[in-house]
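Everything below belongs to run.cif, which stores mmCIF, C-alpha atoms.
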data_data
loop_
_atom_site.label_atom_id
_atom_site.label_comp_id
_atom_site.auth_asym_id
_atom_site.auth_seq_id
_atom_site.Cartn_x
_atom_site.Cartn_y
_atom_site.Cartn_z
CA MET J 27 8.27 -129.11 -47.82
CA SER J 28 9.48 -128.93 -44.32
CA SER J 29 12.79 -127.78 -45.68
CA GLU J 30 10.81 -125.26 -47.71
CA LYS J 31 9.05 -124.19 -44.55
CA LYS J 32 12.31 -124.17 -42.79
CA GLY J 33 13.90 -122.14 -45.58
CA ARG J 34 10.97 -119.76 -45.68
CA ALA J 35 11.01 -119.44 -41.97
CA ARG J 36 14.60 -118.77 -42.13
CA SER J 37 14.21 -116.29 -44.93
CA ASP J 38 11.21 -114.60 -43.14
CA ARG J 39 13.30 -113.85 -40.22
CA PRO J 40 15.19 -110.60 -40.70
CA PRO J 41 18.78 -110.89 -40.62
CA ILE J 42 20.42 -110.02 -37.37
CA GLU J 43 22.11 -106.91 -38.78
CA LEU J 44 18.87 -105.71 -40.21
CA LYS J 45 17.14 -106.31 -36.92
CA LYS J 46 19.82 -104.50 -35.14
CA GLU J 47 19.57 -101.77 -37.68
CA ARG J 48 15.80 -101.73 -37.28
CA ASP J 49 16.07 -101.69 -33.50
CA ALA J 50 18.62 -98.95 -33.68
CA PHE J 51 16.41 -97.03 -36.06
CA LEU J 52 13.43 -97.51 -33.80
CA GLN J 53 15.40 -96.59 -30.78
CA ASN J 54 16.77 -93.62 -32.56
CA PHE J 55 13.28 -92.76 -33.83
CA PHE J 56 11.70 -92.97 -30.43
CA ARG J 57 14.60 -91.18 -28.86
CA LYS J 58 14.32 -88.39 -31.41
CA GLY J 59 10.55 -88.43 -30.97
CA ALA J 60 10.99 -88.15 -27.25
CA GLN J 61 13.59 -85.44 -27.75
CA LEU J 62 11.34 -83.61 -30.17
CA THR J 63 8.42 -83.98 -27.79
CA SER J 64 10.58 -82.71 -25.01
CA GLU J 65 11.73 -79.81 -27.19
CA VAL J 66 8.15 -79.05 -28.23
CA LEU J 67 7.06 -79.14 -24.64
CA GLU J 68 9.96 -76.90 -23.70
CA GLU J 69 9.09 -74.56 -26.56
CA ASN J 70 5.47 -74.64 -25.43
CA ARG J 71 6.47 -73.74 -21.91
CA ARG J 72 8.70 -70.99 -23.22
CA LEU J 73 5.95 -69.66 -25.44
CA ARG J 74 3.41 -69.76 -22.58
CA LYS J 75 5.84 -67.91 -20.42
CA LYS J 76 6.38 -65.40 -23.23
CA ILE J 77 2.60 -65.01 -23.63
CA ALA J 78 2.25 -64.48 -19.90
CA GLU J 79 4.97 -61.83 -20.05
CA ILE J 80 3.36 -60.17 -23.05
CA GLU J 81 -0.01 -60.24 -21.32
CA ALA J 82 1.55 -58.70 -18.23
CA ASP J 83 3.18 -56.04 -20.40
CA ASN J 84 -0.12 -55.53 -22.16
CA ALA J 85 -1.89 -55.10 -18.82
CA ARG J 86 0.76 -52.65 -17.69
CA LEU J 87 0.44 -50.71 -20.94
CA ARG J 88 -3.35 -50.70 -20.67
CA ALA J 89 -3.08 -49.39 -17.12
CA HIS J 90 -0.61 -46.77 -18.27
CA VAL J 91 -2.88 -45.65 -21.09
CA ALA J 92 -5.80 -45.58 -18.67
CA SER J 93 -3.70 -43.52 -16.28
CA ASP J 94 -2.73 -41.12 -19.09
CA ASP J 95 -6.40 -40.75 -19.97
CA ALA J 96 -7.21 -39.96 -16.35
CA ILE J 97 -4.43 -37.35 -16.28
CA ARG J 98 -5.69 -35.87 -19.54
CA GLU J 99 -9.17 -35.78 -18.05
CA LEU J 100 -7.85 -34.12 -14.90
CA LEU J 101 -5.89 -31.59 -16.93
CA LYS J 102 -9.01 -30.80 -18.92
CA LYS J 103 -10.91 -30.34 -15.67
CA ILE J 104 -8.17 -28.09 -14.27
CA GLU J 105 -8.29 -26.04 -17.46
CA GLY J 106 -12.07 -25.71 -17.09
CA LEU J 107 -11.71 -24.73 -13.44
CA GLU J 108 -9.03 -22.17 -14.33
CA THR J 109 -11.39 -20.59 -16.88
CA GLU J 110 -14.17 -20.62 -14.31
CA LYS J 111 -11.83 -19.05 -11.75
CA GLN J 112 -10.87 -16.28 -14.21
CA GLU J 113 -14.55 -15.61 -14.94
CA LEU J 114 -15.31 -15.47 -11.21
CA LEU J 115 -12.34 -13.17 -10.59
CA SER J 116 -13.44 -10.93 -13.42
CA ARG J 117 -17.00 -10.86 -12.03
CA PHE J 118 -15.62 -10.23 -8.52
CA LEU J 119 -13.55 -7.30 -9.81
CA GLU J 120 -16.58 -5.91 -11.63
CA ALA J 121 -18.66 -6.26 -8.44
CA GLU J 122 -15.87 -4.61 -6.44
CA GLU J 123 -15.72 -1.69 -8.89
CA ALA J 124 -19.49 -1.34 -8.77
CA SER J 125 -19.38 -1.42 -4.98
CA SER J 126 -16.60 1.19 -4.92
CA ARG J 127 -18.60 3.40 -7.31
CA ALA J 128 -21.66 3.01 -5.05
CA VAL J 129 -19.61 3.97 -1.98
CA ASP J 130 -18.27 7.05 -3.80
CA GLN J 131 -21.75 8.02 -4.93
CA TYR J 132 -23.06 7.51 -1.40
CA ALA J 133 -20.34 9.77 0.02
CA GLU J 134 -21.06 12.34 -2.69
CA ILE J 135 -24.78 12.30 -1.90
CA GLU J 136 -24.03 12.50 1.84
CA GLY J 137 -21.85 15.54 1.17
CA GLU J 138 -24.51 17.15 -1.02
CA LEU J 139 -27.14 16.55 1.66
CA ALA J 140 -24.89 18.10 4.30
CA ASN J 141 -24.30 21.11 2.05
CA LEU J 142 -28.00 21.52 1.37
CA ALA J 143 -28.69 21.27 5.11
CA ASN J 144 -26.10 24.01 5.74
CA LEU J 145 -27.71 26.24 3.12
CA TYR J 146 -31.19 25.57 4.45
CA VAL J 147 -30.15 26.28 8.04
CA ALA J 148 -28.30 29.45 6.99
CA SER J 149 -31.29 30.70 5.01
CA ALA J 150 -33.76 29.82 7.76
CA GLN J 151 -31.64 31.45 10.47
CA LEU J 152 -31.12 34.64 8.45
CA HIS J 153 -34.87 35.19 8.35
CA ALA J 154 -35.71 33.66 11.71
CA SER J 155 -35.83 37.00 13.49
CA LEU J 156 -36.78 40.59 12.73
CA ASP J 157 -34.63 41.83 15.59
CA LEU J 158 -31.69 43.77 14.16
CA ARG J 159 -29.19 42.67 16.81
CA THR J 160 -30.21 39.03 16.45
CA THR J 161 -30.01 39.19 12.66
CA VAL J 162 -26.51 40.65 12.78
CA GLN J 163 -25.55 38.02 15.33
CA ARG J 164 -26.84 35.26 13.04
CA ILE J 165 -24.80 36.62 10.11
CA LYS J 166 -21.71 36.62 12.32
CA GLU J 167 -22.39 33.05 13.48
CA LEU J 168 -22.90 31.96 9.93
CA LEU J 169 -19.58 33.45 8.84
CA ASN J 170 -17.72 32.07 11.81
CA GLN J 171 -19.29 28.68 12.31
CA LEU J 172 -20.31 27.66 8.79
CA VAL J 173 -17.72 29.37 6.62
CA GLY J 174 -14.90 29.24 9.18
CA ALA J 175 -14.11 32.99 9.04
CA ARG J 176 -11.86 34.29 11.83
CA SER J 177 -11.53 37.98 10.97
CA PHE J 178 -14.47 39.55 9.18
CA ALA J 179 -16.81 42.55 9.06
CA ILE J 180 -20.26 43.50 7.81
CA TYR J 181 -20.07 46.97 6.31
CA LEU J 182 -22.77 49.42 5.23
CA ALA J 183 -21.80 51.86 2.48
CA SER J 184 -22.51 55.57 2.45
CA ASP J 185 -24.95 56.80 -0.20
CA ASP J 186 -22.11 57.87 -2.48
CA GLN J 187 -20.33 54.56 -1.73
CA ARG J 188 -17.11 56.39 -0.94
CA SER J 189 -16.95 55.20 2.67
CA ILE J 190 -18.01 52.11 4.55
CA GLU J 191 -18.81 51.51 8.21
CA ALA J 192 -18.95 48.20 10.05
CA VAL J 193 -22.20 47.26 11.77
CA ALA J 194 -20.50 44.16 13.10
CA ALA J 195 -16.92 42.95 13.09
CA GLU J 196 -14.79 40.16 14.50
CA ALA J 197 -11.03 40.49 14.99
CA VAL J 198 -10.93 43.69 12.91
CA PRO J 199 -8.96 46.71 14.19
CA VAL J 200 -10.78 50.00 14.79
CA SER J 201 -8.96 51.54 11.84
CA HIS J 202 -10.79 49.17 9.53
CA ARG J 203 -14.24 49.56 11.00
CA SER J 204 -15.00 52.86 9.31
CA PHE J 205 -12.94 54.04 6.38
CA ALA J 206 -12.89 55.08 2.75
CA PRO J 207 -11.87 52.14 0.56
CA ARG J 208 -9.12 52.75 -1.97
CA GLU J 209 -10.64 53.63 -5.33
CA ASP J 210 -8.53 51.03 -7.12
CA GLY J 211 -9.00 48.45 -4.38
CA VAL J 212 -11.13 45.33 -4.35
CA LEU J 213 -13.70 46.76 -1.88
CA ALA J 214 -14.46 49.75 -4.16
CA GLU J 215 -14.62 47.40 -7.13
CA VAL J 216 -17.20 45.12 -5.49
CA LEU J 217 -19.22 48.12 -4.31
CA ALA J 218 -19.26 49.45 -7.86
CA THR J 219 -19.92 46.22 -9.74
CA GLY J 220 -21.97 44.25 -7.22
CA VAL J 221 -19.95 41.16 -8.16
CA ALA J 222 -18.36 39.15 -5.35
CA ARG J 223 -14.61 38.53 -5.25
CA ILE J 224 -13.77 35.28 -3.50
CA GLU J 225 -10.38 33.59 -3.34
CA LYS J 226 -10.62 30.34 -5.31
CA GLY J 227 -7.24 28.80 -4.48
CA GLU J 228 -5.28 28.15 -1.30
CA LEU J 229 -6.18 30.61 1.43
CA GLY J 230 -3.00 32.27 2.56
CA ASP J 231 -2.81 34.81 5.34
CA GLY J 232 -5.48 37.32 4.39
CA SER J 233 -4.81 41.02 4.84
CA PHE J 234 -6.94 44.15 5.11
CA GLU J 235 -5.66 45.23 1.71
CA ASN J 236 -6.30 41.88 0.07
CA PRO J 237 -9.24 40.21 1.79
CA LEU J 238 -10.05 36.54 1.11
CA ALA J 239 -13.70 37.22 0.26
CA VAL J 240 -15.69 40.36 -0.51
CA VAL J 241 -19.43 39.79 -0.95
CA PRO J 242 -21.83 42.60 -1.86
CA LEU J 243 -24.99 43.08 0.17
CA THR J 244 -27.65 43.83 -2.39
CA ILE J 245 -31.35 44.55 -2.50
CA GLU J 246 -33.31 45.17 -5.67
CA GLY J 247 -30.04 45.20 -7.62
CA LYS J 248 -28.50 47.96 -5.51
CA THR J 249 -25.35 47.31 -3.47
CA PHE J 250 -25.61 48.94 -0.06
CA GLY J 251 -22.93 47.13 1.87
CA LEU J 252 -20.24 44.45 1.98
CA ILE J 253 -19.40 41.31 3.86
CA VAL J 254 -15.62 41.04 4.00
CA VAL J 255 -13.62 38.05 5.23
CA PHE J 256 -10.04 39.05 6.03
CA ALA J 257 -8.82 35.76 7.53
CA THR J 258 -10.09 32.27 8.17
CA LEU J 259 -9.58 29.75 10.97
CA PRO J 260 -6.20 27.94 10.71
CA HIS J 261 -7.66 24.67 9.44
CA LYS J 262 -9.73 26.42 6.75
CA THR J 263 -7.22 26.27 3.94
CA ARG J 264 -9.57 26.84 1.01
CA PHE J 265 -13.18 27.81 0.37
CA LEU J 266 -15.29 24.77 -0.53
CA PRO J 267 -18.08 24.76 -3.13
CA VAL J 268 -20.62 25.04 -0.30
CA ASP J 269 -18.84 28.19 0.96
CA PHE J 270 -19.34 29.82 -2.44
CA GLU J 271 -23.03 28.90 -2.18
CA LEU J 272 -23.14 30.37 1.33
CA PHE J 273 -21.51 33.60 0.16
CA HIS J 274 -24.01 33.78 -2.69
CA LEU J 275 -26.86 33.21 -0.24
CA LEU J 276 -25.46 35.82 2.16
CA GLY J 277 -25.16 38.38 -0.62
CA GLY J 278 -28.79 37.95 -1.57
CA GLN J 279 -30.44 37.16 1.75
CA ALA J 280 -28.38 38.89 4.45
CA GLY J 281 -29.13 42.28 2.88
CA LYS J 282 -32.87 41.57 2.82
CA ALA J 283 -32.80 40.28 6.39
CA LEU J 284 -30.95 43.39 7.60
CA ILE J 285 -33.32 45.78 5.76
CA SER J 286 -36.39 43.92 7.08
CA ALA J 287 -35.04 44.03 10.62
CA LYS J 288 -34.19 47.73 10.28
CA LEU J 289 -37.67 48.56 8.97
CA PHE J 290 -39.24 46.55 11.78
CA ALA J 291 -37.08 48.35 14.34
CA ASP J 292 -38.02 51.73 12.79
CA ALA J 293 -41.68 50.75 13.11
CA GLU J 294 -40.93 50.09 16.80
CA LYS J 295 -41.57 46.39 16.24
CA ARG J 296 -45.23 47.01 15.48
CA MET J 297 -46.84 44.78 12.90
CA PRO J 298 -47.71 46.80 9.78
CA ASP J 299 -51.30 47.13 8.66
CA LEU J 300 -51.66 44.19 6.29
CA SER J 301 -55.22 44.94 5.23
CA GLY J 302 -54.00 46.81 2.14
CA LEU J 303 -52.34 43.65 0.79
CA VAL J 304 -55.68 42.27 -0.42
CA GLU J 305 -56.65 45.53 -2.13
CA ALA J 306 -53.22 45.70 -3.77
CA GLY J 307 -54.00 42.33 -5.39
CA ILE J 308 -51.02 40.58 -3.85
CA MET W 206 -33.28 -1.49 16.95
CA ALA W 207 -34.02 0.21 20.29
CA GLU W 208 -34.48 3.95 20.28
CA ARG W 209 -31.52 6.00 21.48
CA SER W 210 -31.59 9.52 22.84
CA CYS W 211 -29.25 12.45 22.40
CA LEU W 212 -29.10 15.75 24.27
CA ILE W 213 -27.68 18.72 22.37
CA VAL W 214 -26.51 21.58 24.60
CA GLU W 215 -25.78 24.61 22.42
CA ASP W 216 -26.67 28.29 22.76
CA SER W 217 -26.58 29.06 19.03
CA PRO W 218 -29.92 28.19 17.37
CA MET W 219 -28.09 27.85 14.07
CA MET W 220 -25.64 25.29 15.43
CA ARG W 221 -28.46 23.43 17.17
CA GLN W 222 -30.41 23.25 13.92
CA LEU W 223 -27.35 22.04 12.04
CA LEU W 224 -26.75 19.33 14.63
CA VAL W 225 -30.40 18.29 14.60
CA PHE W 226 -30.29 18.08 10.79
CA ALA W 227 -27.14 15.98 10.88
CA LEU W 228 -28.44 13.65 13.60
CA ALA W 229 -31.73 13.14 11.76
CA ARG W 230 -29.66 10.82 9.54
CA VAL W 231 -28.99 8.47 12.48
CA LYS W 232 -31.85 5.98 12.65
CA ASN W 233 -33.83 5.65 15.88
CA LEU W 234 -32.10 8.59 17.52
CA ARG W 235 -34.34 10.98 19.43
CA VAL W 236 -32.79 14.43 19.83
CA THR W 237 -33.54 16.91 22.63
CA GLU W 238 -32.20 20.46 22.60
CA ALA W 239 -30.98 22.62 25.49
CA ASP W 240 -30.00 26.32 25.27
CA ASP W 241 -27.10 26.24 27.73
CA GLY W 242 -25.46 24.23 30.49
CA VAL W 243 -28.14 24.97 33.08
CA ASP W 244 -30.92 24.00 30.71
CA GLY W 245 -28.89 20.88 29.87
CA LEU W 246 -28.59 19.87 33.54
CA ARG W 247 -32.32 20.45 34.02
CA LYS W 248 -33.09 18.09 31.16
CA LEU W 249 -30.57 15.54 32.43
CA ALA W 250 -32.27 15.57 35.83
CA SER W 251 -35.58 14.50 34.33
CA ALA W 252 -34.46 11.96 31.75
CA ARG W 253 -31.66 9.63 30.79
CA TYR W 254 -29.75 10.18 27.54
CA ASP W 255 -27.51 7.81 25.64
CA ILE W 256 -25.20 10.58 24.47
CA ILE W 257 -24.61 14.29 25.13
CA ILE W 258 -23.24 16.81 22.62
CA THR W 259 -22.24 20.13 24.13
CA ASP W 260 -20.65 23.35 22.96
CA ILE W 261 -17.82 24.72 25.11
CA ASN W 262 -18.51 28.45 24.91
CA MET W 263 -21.96 29.14 26.28
CA PRO W 264 -23.44 31.77 28.56
CA ILE W 265 -24.67 30.99 32.12
CA MET W 266 -22.91 27.62 32.29
CA ASP W 267 -20.24 26.65 29.79
CA GLY W 268 -19.56 23.20 28.38
CA LEU W 269 -16.59 22.48 30.66
CA LYS W 270 -18.66 23.00 33.80
CA LEU W 271 -21.39 20.87 32.30
CA VAL W 272 -18.96 18.01 31.59
CA LYS W 273 -17.65 18.21 35.18
CA ARG W 274 -21.17 18.17 36.65
CA VAL W 275 -22.31 15.31 34.44
CA ARG W 276 -19.29 13.17 35.28
CA SER W 277 -19.81 13.73 39.01
CA ASP W 278 -23.40 12.52 38.77
CA PRO W 279 -23.55 8.70 39.17
CA ALA W 280 -26.64 8.56 36.94
CA HIS W 281 -24.72 9.96 33.94
CA LYS W 282 -21.19 8.91 34.80
CA GLU W 283 -20.93 6.58 31.82
CA THR W 284 -22.89 8.67 29.31
CA PRO W 285 -20.67 9.49 26.31
CA ILE W 286 -20.02 13.23 25.91
CA VAL W 287 -18.94 14.97 22.70
CA VAL W 288 -17.68 18.55 22.97
CA ILE W 289 -17.77 21.08 20.15
CA THR W 290 -14.73 23.31 20.03
CA THR W 291 -13.16 25.86 17.73
CA GLU W 292 -9.85 25.04 16.08
CA GLY W 293 -7.84 27.50 18.17
CA SER W 294 -9.06 26.30 21.55
CA SER W 295 -6.89 23.23 22.02
CA GLU W 296 -6.60 23.95 25.76
CA ASP W 297 -10.39 23.86 26.19
CA ARG W 298 -10.51 20.66 24.19
CA GLN W 299 -7.84 18.99 26.32
CA ARG W 300 -9.50 20.21 29.51
CA ALA W 301 -12.83 18.77 28.37
CA LEU W 302 -11.19 15.42 27.60
CA ASP W 303 -9.44 15.48 30.99
CA LEU W 304 -12.76 16.15 32.69
CA GLY W 305 -14.24 13.07 31.07
CA ALA W 306 -15.48 14.02 27.60
CA ASN W 307 -15.17 11.13 25.15
CA ALA W 308 -14.66 12.96 21.85
CA TYR W 309 -14.59 16.39 20.28
CA ILE W 310 -15.81 17.98 17.04
CA THR W 311 -14.21 21.08 15.60
CA LYS W 312 -16.16 23.98 14.13
CA PRO W 313 -17.19 24.53 11.41
CA ILE W 314 -18.94 21.23 11.96
CA GLN W 315 -19.32 18.74 9.15
CA ALA W 316 -22.45 16.57 9.23
CA PRO W 317 -20.61 13.33 8.23
CA GLN W 318 -18.15 13.86 11.11
CA VAL W 319 -20.97 14.43 13.62
CA ILE W 320 -22.78 11.30 12.42
CA ALA W 321 -19.62 9.18 12.50
CA THR W 322 -18.68 10.34 16.02
CA VAL W 323 -22.16 9.66 17.44
CA LYS W 324 -22.44 6.27 15.72
CA ASN W 325 -19.01 5.31 16.98
CA LEU W 326 -19.79 6.21 20.60
CA LEU W 327 -23.22 4.56 20.50
CA LYS W 328 -21.72 1.54 18.71
CA ILE W 329 -24.17 1.79 15.84
CA ASP W 330 -23.21 0.31 12.43
#

Have the structure of the file written as structure tokens, please.
Amino acid sequence: MSSEKKGRARSDRPPIELKKERDAFLQNFFRKGAQLTSEVLEENRRLRKKIAEIEADNARLRAHVASDDAIRELLKKIEGLETEKQELLSRFLEAEEASSRAVDQYAEIEGELANLANLYVASAQLHASLDLRTTVQRIKELLNQLVGARSFAIYLASDDQRSIEAVAAEAVPVSHRSFAPREDGVLAEVLATGVARIEKGELGDGSFENPLAVVPLTIEGKTFGLIVVFATLPHKTRFLPVDFELFHLLGGQAGKALISAKLFADAEKRMPDLSGLVEAGI
Amino acid sequence: MAERSCLIVEDSPMMRQLLVFALARVKNLRVTEADDGVDGLRKLASARYDIIITDINMPIMDGLKLVKRVRSDPAHKETPIVVITTEGSSEDRQRALDLGANAYITKPIQAPQVIATVKNLLKID
């Protein structure tokens, strides 16, 4: 029995080689386990590091994308502002054009008002006096100071209209104060037709043969005289629209003013008896 | 805006009326008329004016004498003077400026020019 026990005990014990083998296996196992653990840990570290790098890259990329979005947003805003700027510029140009038109219109109206004032003053002054000398003086002033005439004359025609005589003249030689106009000349033509002849273009040096303006003095459709402008002041290089109006006014009103003044002078400046006006139904 | 006053010295009634019409467009400007230099001096003796407009060729006392007299009077020494001349009379114009006139207007007068000259001298916008 004891030998059995001994034998069993002996046989239970692993043989030395096997033990060595087992120990070596275990050692090898643990060593490999430790190595594997170490490798896993190393791999883990590496992977963590990689994750950290990826996360950093990710953050960078996110920031980049965010930055791109901001730039896109800014570009969109710039585009919007550009459109707004163009609209404002367009509106500014429109306003500027409107303002320029208003300034032009204002100047035009100012000019028209000045012309109307000239015509009103001329008309009022022509009829302001019944004194013959004063009336003639006013016509001369009008020609000189409103029209800018330098050499001119106011002629009365003979009944047959073959000769004319100046009642007033400025810078006109004696030879042209009383004479018979040439039958084919402009003076005879205006006397015959009663239609004014006024230079429309540049005013050159006028002459006694070719005056710059010839205006008929008419009353009740009959031409009884002429206003003739031979030359203008140096700076008067062309007749303006208002000058044509003034000539027209002179043709119609100067004649009436002269006749009225003459009749009043003939009546020795006595007021006529106006009582008959009522009976005449005027 | 305070009222301003202007004295027009001109023998021609037509020119006076034209000037009055033109100056009616300047706001708050009171205009007084004088027939010639003597009448102008009489009016200057009794009142102060902010500006004087005078013709050169006038009977009794011409515009040049008027300018000289006005400039020698301490009361009107600084009053702006505008002379009205004809295009050919550049000597008269220069003489008037030498005597102390501030500006000149050439006949035939243009209302916008008269208004602009007066506004400029009175410093009115």

>> Can you pull out the residues contacting Asp240 (chain W)? Cut-off 8 Å, using all atoms listed in the file, and skip same-chain residues under 6 positions away; I want them as an NGL selection string.
In response: :W and (214-217)

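Closest to chain W among J:Lys248, J:Lys282, J:Arg176, J:Arg188 is J:Arg176, based on only C-alpha atoms.
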
> What residues come out when you apply the PyMOL selection byres ((chain J) within 6 of (chain W)) to this file, written as JSON, numbers by chain?
Replying inline: {"J": [140, 171, 172, 174]}

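Selection by the PyMOL selection byres ((chain W and resi 260-269) around 9) on the present file picks out Ile213, Val214, Glu215, Asp216, Ser217, Asp240, Asp241, Gly242, Val243, Asp244, Ile258, Thr259, Lys270, Leu271, Val272, Lys273, Arg274, Val287, Val288, Ile289, Thr290, Thr291, Asp297, Arg298, Arg300, Ala301 and Leu304 of chain W.
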
Let's have the selection written as a JSON list (two decimals), in the frame of the given file, with C-alpha atoms.
[["chain", "number", "residue", "atom", "x", "y", "z"],
["W", 213, "ILE", "CA", -27.68, 18.72, 22.37],
["W", 214, "VAL", "CA", -26.51, 21.58, 24.60],
["W", 215, "GLU", "CA", -25.78, 24.61, 22.42],
["W", 216, "ASP", "CA", -26.67, 28.29, 22.76],
["W", 217, "SER", "CA", -26.58, 29.06, 19.03],
["W", 240, "ASP", "CA", -30.00, 26.32, 25.27],
["W", 241, "ASP", "CA", -27.10, 26.24, 27.73],
["W", 242, "GLY", "CA", -25.46, 24.23, 30.49],
["W", 243, "VAL", "CA", -28.14, 24.97, 33.08],
["W", 244, "ASP", "CA", -30.92, 24.00, 30.71],
["W", 258, "ILE", "CA", -23.24, 16.81, 22.62],
["W", 259, "THR", "CA", -22.24, 20.13, 24.13],
["W", 270, "LYS", "CA", -18.66, 23.00, 33.80],
["W", 271, "LEU", "CA", -21.39, 20.87, 32.30],
["W", 272, "VAL", "CA", -18.96, 18.01, 31.59],
["W", 273, "LYS", "CA", -17.65, 18.21, 35.18],
["W", 274, "ARG", "CA", -21.17, 18.17, 36.65],
["W", 287, "VAL", "CA", -18.94, 14.97, 22.70],
["W", 288, "VAL", "CA", -17.68, 18.55, 22.97],
["W", 289, "ILE", "CA", -17.77, 21.08, 20.15],
["W", 290, "THR", "CA", -14.73, 23.31, 20.03],
["W", 291, "THR", "CA", -13.16, 25.86, 17.73],
["W", 297, "ASP", "CA", -10.39, 23.86, 26.19],
["W", 298, "ARG", "CA", -10.51, 20.66, 24.19],
["W", 300, "ARG", "CA", -9.50, 20.21, 29.51],
["W", 301, "ALA", "CA", -12.83, 18.77, 28.37],
["W", 304, "LEU", "CA", -12.76, 16.15, 32.69]]

>> Please list as a list in words every residue within 10 Å of Ile253 (chain J), counting only C-alpha atoms and excluding residues in the same chain fewer than 2 positions away.
In response: Ile165, Lys166, Leu169, Phe178, Ala179, Ile180, Tyr181, Leu182, Ala192, Ala194, Ala195, Leu213, Ala222, Ala239, Val240, Val241, Pro242, Leu243, Gly251, Val255, Phe256, Phe273, Leu276, Gly277, Ala280 and Gly281 of chain J

>> Which residues would end up in the selection if the PyMOL selection byres ((chain W and resi 249) around 12) were applied here, given that I need the answer as a count of residues only?
In response: 34

Could you get me a file of region 63-90 of chain J with C-alpha atoms, as an mmCIF file, in the first residue's frame, taken from the block above?
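Contents of selection.cif, as written:
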data_model
loop_
_atom_site.group_PDB
_atom_site.id
_atom_site.type_symbol
_atom_site.label_atom_id
_atom_site.label_comp_id
_atom_site.auth_asym_id
_atom_site.auth_seq_id
_atom_site.Cartn_x
_atom_site.Cartn_y
_atom_site.Cartn_z
ATOM 1 C CA THR J 63 -0.496 43.294 -23.712
ATOM 2 C CA SER J 64 2.374 45.634 -24.287
ATOM 3 C CA GLU J 65 1.693 45.596 -28.030
ATOM 4 C CA VAL J 66 -2.027 46.160 -27.459
ATOM 5 C CA LEU J 67 -1.255 49.010 -25.132
ATOM 6 C CA GLU J 68 1.163 50.426 -27.664
ATOM 7 C CA GLU J 69 -1.434 50.017 -30.399
ATOM 8 C CA ASN J 70 -3.989 51.657 -28.123
ATOM 9 C CA ARG J 71 -1.681 54.581 -27.535
ATOM 10 C CA ARG J 72 -0.995 54.826 -31.239
ATOM 11 C CA LEU J 73 -4.679 54.694 -32.044
ATOM 12 C CA ARG J 74 -5.501 57.341 -29.402
ATOM 13 C CA LYS J 75 -2.816 59.524 -30.835
ATOM 14 C CA LYS J 76 -4.228 58.918 -34.318
ATOM 15 C CA ILE J 77 -7.732 59.772 -33.057
ATOM 16 C CA ALA J 78 -6.398 62.931 -31.471
ATOM 17 C CA GLU J 79 -4.734 63.849 -34.757
ATOM 18 C CA ILE J 80 -7.883 63.081 -36.714
ATOM 19 C CA GLU J 81 -9.939 65.119 -34.267
ATOM 20 C CA ALA J 82 -7.499 67.995 -34.617
ATOM 21 C CA ASP J 83 -7.709 67.693 -38.402
ATOM 22 C CA ASN J 84 -11.468 67.510 -38.118
ATOM 23 C CA ALA J 85 -11.517 70.661 -35.990
ATOM 24 C CA ARG J 86 -9.267 72.411 -38.477
ATOM 25 C CA LEU J 87 -11.490 71.322 -41.354
ATOM 26 C CA ARG J 88 -14.603 72.434 -39.483
ATOM 27 C CA ALA J 89 -13.003 75.816 -38.843
ATOM 28 C CA HIS J 90 -12.011 76.042 -42.482
#
